Amino acid sequence: MTKKIRFHKMHGAGNDYIYINTFIYPIAQPEAFARRWSMPHTGIGSDGLVLIGPSEKADFSMRIFNADGSEAMMCGNASRCVGKYVYEEGLTDKTVVMLETLSGIKELRLHVINGKVNEVTVDMGNPQIENKPVEIEAGGKKYEGTVVSMGNPHFVIFTDDIQSVELSKIGPVIEHHPMFPDRTNVEFVQVEGNREVQMSVWERGSGITQACGTGACATLSACASSGRTGRKAVIRMAGGALTIEWDEHTNKIWMTGDAVMVYEGFVETDIY
């Protein structure tokens, strides 16, 4: 038996997901749904699936499933798109929205112009940073990186030549390194100045993506804590740029970036 399910394809800085309103379309098999419909040729094509639903603790809840079906703790780019979705779909008229995620409740500040959400600023919480860089061996080479948790794990590696990094080869090796029993996201970072950084990312469970919000936050915290940048910088990725600010008084990281509606449609599926 098949069922038609309405979806929206959205992206933040090129990090694209399938969004489903589970108030109307409950999904009982999100892992299988994410795997099938994230496929680029036989499905919708995306970095994964985002389910928007009710919450007893906040205005809404968000669950994220990577393209391989694994569940993610948090995604900054996805949370911005959730803010745009709930406002423009008429689920709320608030411009400050509280969102429940597996890594806690996040505050979304919606920047509305002529009834449309242009950008969203997200409270990404407090980074947890290892005091000293960690050296690992992967693919026959040694890599020194900073271990950061943004509610999910990151390994930030500084490089002088980001273009020379063979991310498709080394990314999965580091993701599955024995040092990271729960796997890790991997960021390669080239600092351009006190306020600008380039970053490429291999996301746990999704592979190479155009951008990663939690990765950008982890990168800024690694840069600022090591004196490479100030506490506010633009993080440039393949899909676009995010402005990240680390508040020295509250220790919170705030992320500001776009939220883009690509298209909407229906899938007819036997997985739901």
# chains A, B, ... in the order shown; residues from 1 in each chain; ligands from 1

call {"tool": "select_by_dssp", "arguments": {"residues": "range 7-202 of chain A", "states": "strand (DSSP E or B)", "output": "PyMOL selection string"}}
result
chain A and resi 7-12+15-21+48-53+60-66+71-72+96-101+104-113+116-123+128-129+134-138+141-149+153-158+185-193+196-202

call {"tool": "closest_atom_pairs", "arguments": {"of": "range 97-199 of chain A", "to": "range 251-255 of chain A", "cutoff": "8 Å", "atoms": "only C-alpha atoms", "output": "CSV"}}
result
residue,atom,partner,partner_atom,distance
A:Thr121,CA,A:Met255,CA,5.4
A:Val122,CA,A:Met255,CA,5.2
A:Asp123,CA,A:Trp254,CA,4.9
A:Met124,CA,A:Ile253,CA,5.3
A:Gly125,CA,A:Lys252,CA,4.9
A:Asn126,CA,A:Lys252,CA,4.7
A:Pro127,CA,A:Ile253,CA,7.4

call {"tool": "closest_residue", "arguments": {"among": "A:Arg80, A:Arg231, A:Arg183, A:Arg6", "to": "Cys212 in chain A", "atoms": "only C-alpha atoms"}}
result
A:Arg80

call {"tool": "select_by_dssp", "arguments": {"residues": "range 49-183 of chain A", "states": "alpha helix (DSSP H)", "output": "list in words"}}
result
Gly76, Asn77, Ala78, Ser79, Arg80, Cys81, Val82, Gly83, Lys84, Tyr85, Val86, Tyr87, Glu88, Leu167, Ser168, Lys169, Ile170, Gly171, Pro172, Val173, Ile174 and Glu175 of chain A

call {"tool": "residues_around", "arguments": {"residues": "range 187-189 of chain A", "least_positions_apart": "4", "cutoff": "7 Å", "atoms": "only C-alpha atoms", "output": "VMD selection string"}}
result
chain A and resid 155 to 159 162 197 to 202 215

call {"tool": "residues_around", "arguments": {"residues": "range 50-53 of chain A", "least_positions_apart": "4", "cutoff": "8 Å", "atoms": "only C-alpha atoms", "output": "PDB file with C-alpha atoms, in the first residue's frame"}}
result
ATOM      1  CA  TYR A  17      17.325  18.269   3.239  1.00  0.00           C
ATOM      2  CA  ILE A  18      13.842  16.889   2.657  1.00  0.00           C
ATOM      3  CA  TYR A  19      11.417  18.514   5.124  1.00  0.00           C
ATOM      4  CA  ILE A  20       8.174  16.850   6.209  1.00  0.00           C
ATOM      5  CA  ASN A  21       5.474  18.225   8.483  1.00  0.00           C
ATOM      6  CA  THR A  22       4.697  15.271  10.760  1.00  0.00           C
ATOM      7  CA  PHE A  23       1.670  17.056  12.211  1.00  0.00           C
ATOM      8  CA  PHE A  60       8.404  22.610  17.698  1.00  0.00           C
ATOM      9  CA  SER A  61      10.696  19.598  17.517  1.00  0.00           C
ATOM     10  CA  MET A  62      13.172  18.600  14.823  1.00  0.00           C
ATOM     11  CA  ARG A  63      14.538  15.139  14.062  1.00  0.00           C
ATOM     12  CA  ILE A  64      17.276  14.693  11.462  1.00  0.00           C
ATOM     13  CA  PHE A  65      18.195  11.540   9.584  1.00  0.00           C
ATOM     14  CA  ALA A  78      18.517  22.473   8.949  1.00  0.00           C
ATOM     15  CA  VAL A  82      12.813  24.777  10.028  1.00  0.00           C
TER      16      VAL A  82
END

call {"tool": "residues_around", "arguments": {"residues": "range 241-245 of chain A", "least_positions_apart": "2", "cutoff": "7 Å", "atoms": "only C-alpha atoms", "output": "PDB file with N, CA, C and O atoms, in the first residue's frame"}}
result
ATOM      1  N   ALA A  13      22.850  27.379   3.002  1.00  0.00           N
ATOM      2  CA  ALA A  13      24.237  27.386   2.530  1.00  0.00           C
ATOM      3  C   ALA A  13      24.567  26.138   1.710  1.00  0.00           C
ATOM      4  O   ALA A  13      25.683  25.640   1.737  1.00  0.00           O
ATOM      5  N   CYS A 217      30.511  26.247  13.363  1.00  0.00           N
ATOM      6  CA  CYS A 217      30.636  26.678  14.759  1.00  0.00           C
ATOM      7  C   CYS A 217      31.844  26.036  15.431  1.00  0.00           C
ATOM      8  O   CYS A 217      32.585  26.688  16.177  1.00  0.00           O
ATOM      9  N   LEU A 220      34.927  27.861  14.106  1.00  0.00           N
ATOM     10  CA  LEU A 220      35.163  29.168  14.725  1.00  0.00           C
ATOM     11  C   LEU A 220      35.713  29.017  16.130  1.00  0.00           C
ATOM     12  O   LEU A 220      36.648  29.730  16.530  1.00  0.00           O
ATOM     13  N   ARG A 231      36.576  36.313  17.799  1.00  0.00           N
ATOM     14  CA  ARG A 231      35.418  35.530  18.213  1.00  0.00           C
ATOM     15  C   ARG A 231      34.235  35.664  17.253  1.00  0.00           C
ATOM     16  O   ARG A 231      33.172  35.089  17.473  1.00  0.00           O
ATOM     17  N   LYS A 232      34.418  36.410  16.186  1.00  0.00           N
ATOM     18  CA  LYS A 232      33.397  36.519  15.148  1.00  0.00           C
ATOM     19  C   LYS A 232      34.083  36.455  13.793  1.00  0.00           C
ATOM     20  O   LYS A 232      35.064  37.161  13.546  1.00  0.00           O
ATOM     21  N   ALA A 233      33.567  35.594  12.922  1.00  0.00           N
ATOM     22  CA  ALA A 233      34.182  35.440  11.607  1.00  0.00           C
ATOM     23  C   ALA A 233      33.162  34.893  10.620  1.00  0.00           C
ATOM     24  O   ALA A 233      32.150  34.295  11.000  1.00  0.00           O
ATOM     25  N   VAL A 234      33.453  35.103   9.345  1.00  0.00           N
ATOM     26  CA  VAL A 234      32.665  34.522   8.266  1.00  0.00           C
ATOM     27  C   VAL A 234      33.330  33.205   7.865  1.00  0.00           C
ATOM     28  O   VAL A 234      34.525  33.171   7.561  1.00  0.00           O
ATOM     29  N   ILE A 235      32.554  32.142   7.895  1.00  0.00           N
ATOM     30  CA  ILE A 235      33.058  30.821   7.505  1.00  0.00           C
ATOM     31  C   ILE A 235      32.525  30.540   6.103  1.00  0.00           C
ATOM     32  O   ILE A 235      31.306  30.424   5.906  1.00  0.00           O
ATOM     33  N   ARG A 236      33.435  30.447   5.135  1.00  0.00           N
ATOM     34  CA  ARG A 236      33.037  30.238   3.741  1.00  0.00           C
ATOM     35  C   ARG A 236      33.179  28.764   3.378  1.00  0.00           C
ATOM     36  O   ARG A 236      34.233  28.161   3.585  1.00  0.00           O
ATOM     37  N   MET A 237      32.107  28.213   2.802  1.00  0.00           N
ATOM     38  CA  MET A 237      32.067  26.811   2.392  1.00  0.00           C
ATOM     39  C   MET A 237      31.609  26.730   0.947  1.00  0.00           C
ATOM     40  O   MET A 237      31.248  27.745   0.346  1.00  0.00           O
ATOM     41  N   ASP A 247      29.995  34.411  21.818  1.00  0.00           N
ATOM     42  CA  ASP A 247      29.806  35.416  22.854  1.00  0.00           C
ATOM     43  C   ASP A 247      30.685  35.090  24.065  1.00  0.00           C
ATOM     44  O   ASP A 247      30.528  34.033  24.681  1.00  0.00           O
ATOM     45  N   ILE A 253      27.485  30.173  21.117  1.00  0.00           N
ATOM     46  CA  ILE A 253      27.813  30.476  19.726  1.00  0.00           C
ATOM     47  C   ILE A 253      26.514  30.764  18.981  1.00  0.00           C
ATOM     48  O   ILE A 253      25.539  30.008  19.073  1.00  0.00           O
ATOM     49  N   TRP A 254      26.521  31.883  18.238  1.00  0.00           N
ATOM     50  CA  TRP A 254      25.369  32.278  17.424  1.00  0.00           C
ATOM     51  C   TRP A 254      25.741  32.171  15.949  1.00  0.00           C
ATOM     52  O   TRP A 254      26.796  32.652  15.539  1.00  0.00           O
ATOM     53  N   MET A 255      24.873  31.557  15.185  1.00  0.00           N
ATOM     54  CA  MET A 255      25.105  31.345  13.762  1.00  0.00           C
ATOM     55  C   MET A 255      24.020  32.054  12.964  1.00  0.00           C
ATOM     56  O   MET A 255      22.827  31.889  13.233  1.00  0.00           O
ATOM     57  N   THR A 256      24.433  32.841  11.968  1.00  0.00           N
ATOM     58  CA  THR A 256      23.482  33.531  11.102  1.00  0.00           C
ATOM     59  C   THR A 256      23.735  33.139   9.653  1.00  0.00           C
ATOM     60  O   THR A 256      24.879  33.153   9.185  1.00  0.00           O
ATOM     61  N   GLY A 257      22.647  32.785   8.961  1.00  0.00           N
ATOM     62  CA  GLY A 257      22.784  32.410   7.559  1.00  0.00           C
ATOM     63  C   GLY A 257      21.436  32.325   6.874  1.00  0.00           C
ATOM     64  O   GLY A 257      20.382  32.566   7.488  1.00  0.00           O
TER      65      GLY A 257
END

call {"tool": "closest_residue", "arguments": {"among": "A:Arg228, A:Lys141, A:Lys9, A:Lys4", "to": "Glu196 in chain A", "atoms": "only C-alpha atoms"}}
result
A:Arg228

call {"tool": "residues_around", "arguments": {"residues": "Asn152 in chain A", "least_positions_apart": "4", "cutoff": "12 Å", "atoms": "only C-alpha atoms", "output": "PDB file with C-alpha atoms, in the first residue's frame"}}
result
ATOM      1  CA  GLU A  71      19.981   9.908  13.188  1.00  0.00           C
ATOM      2  CA  ALA A  72      21.883  13.160  13.783  1.00  0.00           C
ATOM      3  CA  MET A  73      21.881  15.137  17.008  1.00  0.00           C
ATOM      4  CA  MET A  74      21.728  18.601  15.488  1.00  0.00           C
ATOM      5  CA  CYS A  75      22.174  20.542  12.242  1.00  0.00           C
ATOM      6  CA  GLY A  76      22.429  24.309  12.246  1.00  0.00           C
ATOM      7  CA  THR A 101      16.538  18.865  19.100  1.00  0.00           C
ATOM      8  CA  LEU A 102      18.424  15.844  20.370  1.00  0.00           C
ATOM      9  CA  SER A 103      21.181  18.200  21.520  1.00  0.00           C
ATOM     10  CA  GLY A 104      18.829  20.470  23.446  1.00  0.00           C
ATOM     11  CA  MET A 124      24.020  26.833  18.788  1.00  0.00           C
ATOM     12  CA  GLY A 125      24.904  26.398  22.452  1.00  0.00           C
ATOM     13  CA  ASN A 126      28.282  26.183  24.154  1.00  0.00           C
ATOM     14  CA  PRO A 127      31.183  24.464  22.405  1.00  0.00           C
ATOM     15  CA  GLN A 128      33.115  21.806  24.280  1.00  0.00           C
ATOM     16  CA  ILE A 129      36.753  21.964  23.173  1.00  0.00           C
ATOM     17  CA  VAL A 147      38.266  17.863  18.998  1.00  0.00           C
ATOM     18  CA  VAL A 148      35.093  19.921  19.455  1.00  0.00           C
ATOM     19  CA  PHE A 180      35.999   8.212  17.452  1.00  0.00           C
ATOM     20  CA  ASP A 182      30.659   7.138  17.536  1.00  0.00           C
ATOM     21  CA  ARG A 183      32.316   8.424  14.336  1.00  0.00           C
ATOM     22  CA  THR A 184      32.972  12.119  13.755  1.00  0.00           C
ATOM     23  CA  ASN A 185      32.420  15.018  11.387  1.00  0.00           C
ATOM     24  CA  VAL A 186      35.646  16.192   9.761  1.00  0.00           C
ATOM     25  CA  GLU A 203      29.772  14.945   7.484  1.00  0.00           C
ATOM     26  CA  ARG A 204      29.248  11.874   9.585  1.00  0.00           C
ATOM     27  CA  CYS A 212      27.713  22.244   7.843  1.00  0.00           C
ATOM     28  CA  GLY A 213      26.367  24.641  10.463  1.00  0.00           C
ATOM     29  CA  THR A 214      27.667  22.810  13.524  1.00  0.00           C
ATOM     30  CA  GLY A 215      30.946  22.333  11.636  1.00  0.00           C
ATOM     31  CA  CYS A 217      30.636  26.678  14.759  1.00  0.00           C
ATOM     32  CA  ALA A 218      33.214  24.058  15.722  1.00  0.00           C
TER      33      ALA A 218
END

call {"tool": "residues_around", "arguments": {"residues": "Tyr87 in chain A", "least_positions_apart": "6", "cutoff": "12 Å", "atoms": "only C-alpha atoms", "output": "compact mmCIF listing (two decimals) with N, CA, C and O atoms, in the first residue's frame"}}
result
# COMPACT_ATOMS: atom_id res chain seq x y z
N ASP A 59 8.47 25.15 21.05
CA ASP A 59 7.41 25.42 20.07
C ASP A 59 7.26 24.27 19.07
O ASP A 59 6.14 23.92 18.68
N PHE A 60 8.39 23.71 18.66
CA PHE A 60 8.40 22.61 17.70
C PHE A 60 9.57 21.69 18.02
O PHE A 60 10.48 22.04 18.79
N ARG A 80 17.75 26.38 10.71
CA ARG A 80 17.36 27.65 10.09
C ARG A 80 16.19 27.44 9.13
O ARG A 80 15.24 28.23 9.08
N CYS A 81 16.29 26.36 8.35
CA CYS A 81 15.22 26.08 7.40
C CYS A 81 13.92 25.72 8.11
O CYS A 81 12.82 26.06 7.63
N ASP A 93 3.34 32.56 14.22
CA ASP A 93 3.59 33.94 13.82
C ASP A 93 4.72 34.55 14.65
O ASP A 93 4.99 35.74 14.57
N LYS A 94 5.39 33.70 15.43
CA LYS A 94 6.51 34.16 16.25
C LYS A 94 7.74 34.42 15.38
O LYS A 94 7.98 33.69 14.41
N THR A 95 8.53 35.40 15.76
CA THR A 95 9.82 35.61 15.10
C THR A 95 10.98 35.13 15.97
O THR A 95 12.14 35.18 15.55
N VAL A 96 10.66 34.68 17.17
CA VAL A 96 11.63 33.96 18.01
C VAL A 96 10.98 32.61 18.33
O VAL A 96 9.95 32.55 19.01
N VAL A 97 11.58 31.55 17.81
CA VAL A 97 11.00 30.21 17.89
C VAL A 97 11.94 29.31 18.67
O VAL A 97 13.15 29.31 18.45
N LEU A 108 15.70 30.16 17.75
CA LEU A 108 15.80 30.64 16.37
C LEU A 108 15.27 32.06 16.30
O LEU A 108 14.12 32.31 16.68
N ARG A 109 16.08 32.99 15.81
CA ARG A 109 15.65 34.37 15.63
C ARG A 109 15.45 34.60 14.14
O ARG A 109 16.41 34.59 13.37
N LEU A 110 14.20 34.79 13.74
CA LEU A 110 13.86 34.90 12.33
C LEU A 110 13.98 36.36 11.86
O LEU A 110 13.43 37.27 12.49
N HIS A 111 14.68 36.57 10.76
CA HIS A 111 14.80 37.90 10.15
C HIS A 111 13.79 37.95 9.00
O HIS A 111 14.02 37.35 7.94
N VAL A 112 12.67 38.64 9.22
CA VAL A 112 11.55 38.63 8.28
C VAL A 112 11.52 39.92 7.49
O VAL A 112 11.57 41.03 8.05
N GLY A 115 7.17 39.59 4.93
CA GLY A 115 6.48 38.33 5.19
C GLY A 115 7.28 37.08 4.89
O GLY A 115 6.76 35.97 5.05
N LYS A 116 8.52 37.24 4.46
CA LYS A 116 9.37 36.10 4.14
C LYS A 116 10.59 36.08 5.05
O LYS A 116 11.15 37.13 5.37
N VAL A 117 10.99 34.88 5.46
CA VAL A 117 12.18 34.74 6.30
C VAL A 117 13.41 34.74 5.41
O VAL A 117 13.61 33.83 4.59
N ASN A 118 14.23 35.77 5.56
CA ASN A 118 15.42 35.94 4.72
C ASN A 118 16.62 35.21 5.32
O ASN A 118 17.33 34.47 4.64
N VAL A 120 18.18 33.49 9.33
CA VAL A 120 17.85 33.05 10.69
C VAL A 120 19.13 33.01 11.51
O VAL A 120 20.17 32.55 11.04
N ALA A 259 18.20 30.70 4.57
CA ALA A 259 17.30 29.54 4.57
C ALA A 259 16.50 29.66 3.27
O ALA A 259 15.79 30.64 3.07

call {"tool": "decode", "arguments": {"residues": "range 67-82 of chain A", "atoms": "N, CA, C and O atoms", "output": "mmCIF file, in the first residue's frame"}}
result
data_model
loop_
_atom_site.group_PDB
_atom_site.id
_atom_site.type_symbol
_atom_site.label_atom_id
_atom_site.label_comp_id
_atom_site.auth_asym_id
_atom_site.auth_seq_id
_atom_site.Cartn_x
_atom_site.Cartn_y
_atom_site.Cartn_z
ATOM 1 N N ALA A 67 21.649 10.835 5.154
ATOM 2 C CA ALA A 67 21.367 10.097 3.922
ATOM 3 C C ALA A 67 21.554 8.591 4.092
ATOM 4 O O ALA A 67 20.955 7.806 3.347
ATOM 5 N N ASP A 68 22.376 8.183 5.066
ATOM 6 C CA ASP A 68 22.570 6.741 5.294
ATOM 7 C C ASP A 68 21.562 6.176 6.296
ATOM 8 O O ASP A 68 21.649 5.008 6.676
ATOM 9 N N GLY A 69 20.633 7.007 6.755
ATOM 10 C CA GLY A 69 19.602 6.557 7.685
ATOM 11 C C GLY A 69 19.932 6.756 9.145
ATOM 12 O O GLY A 69 19.049 6.598 10.005
ATOM 13 N N SER A 70 21.160 7.109 9.473
ATOM 14 C CA SER A 70 21.532 7.328 10.872
ATOM 15 C C SER A 70 20.934 8.648 11.357
ATOM 16 O O SER A 70 20.789 9.599 10.593
ATOM 17 N N GLU A 71 20.594 8.700 12.640
ATOM 18 C CA GLU A 71 19.981 9.908 13.188
ATOM 19 C C GLU A 71 21.057 10.854 13.712
ATOM 20 O O GLU A 71 21.975 10.447 14.426
ATOM 21 N N ALA A 72 20.936 12.134 13.351
ATOM 22 C CA ALA A 72 21.883 13.160 13.783
ATOM 23 C C ALA A 72 21.353 13.877 15.017
ATOM 24 O O ALA A 72 20.137 13.958 15.241
ATOM 25 N N MET A 73 22.271 14.412 15.805
ATOM 26 C CA MET A 73 21.881 15.137 17.008
ATOM 27 C C MET A 73 21.360 16.542 16.689
ATOM 28 O O MET A 73 20.394 17.005 17.281
ATOM 29 N N MET A 74 22.028 17.189 15.723
ATOM 30 C CA MET A 74 21.728 18.601 15.488
ATOM 31 C C MET A 74 22.283 18.992 14.119
ATOM 32 O O MET A 74 23.266 18.419 13.651
ATOM 33 N N CYS A 75 21.666 19.948 13.477
ATOM 34 C CA CYS A 75 22.174 20.542 12.242
ATOM 35 C C CYS A 75 21.755 21.999 12.225
ATOM 36 O O CYS A 75 20.561 22.311 12.209
ATOM 37 N N GLY A 76 22.729 22.881 12.234
ATOM 38 C CA GLY A 76 22.429 24.309 12.246
ATOM 39 C C GLY A 76 21.753 24.780 10.983
ATOM 40 O O GLY A 76 20.812 25.583 11.025
ATOM 41 N N ASN A 77 22.207 24.296 9.828
ATOM 42 C CA ASN A 77 21.591 24.697 8.559
ATOM 43 C C ASN A 77 20.144 24.225 8.491
ATOM 44 O O ASN A 77 19.253 24.943 8.028
ATOM 45 N N ALA A 78 19.885 23.002 8.950
ATOM 46 C CA ALA A 78 18.517 22.473 8.949
ATOM 47 C C ALA A 78 17.618 23.255 9.900
ATOM 48 O O ALA A 78 16.452 23.513 9.593
ATOM 49 N N SER A 79 18.149 23.641 11.051
ATOM 50 C CA SER A 79 17.319 24.364 12.026
ATOM 51 C C SER A 79 16.891 25.724 11.482
ATOM 52 O O SER A 79 15.764 26.172 11.743
ATOM 53 N N ARG A 80 17.747 26.380 10.708
ATOM 54 C CA ARG A 80 17.359 27.651 10.091
ATOM 55 C C ARG A 80 16.191 27.438 9.126
ATOM 56 O O ARG A 80 15.243 28.225 9.077
ATOM 57 N N CYS A 81 16.289 26.361 8.355
ATOM 58 C CA CYS A 81 15.218 26.077 7.401
ATOM 59 C C CYS A 81 13.917 25.720 8.109
ATOM 60 O O CYS A 81 12.824 26.056 7.626
ATOM 61 N N VAL A 82 14.007 25.066 9.250
ATOM 62 C CA VAL A 82 12.813 24.777 10.028
ATOM 63 C C VAL A 82 12.142 26.088 10.461
ATOM 64 O O VAL A 82 10.911 26.229 10.400
#
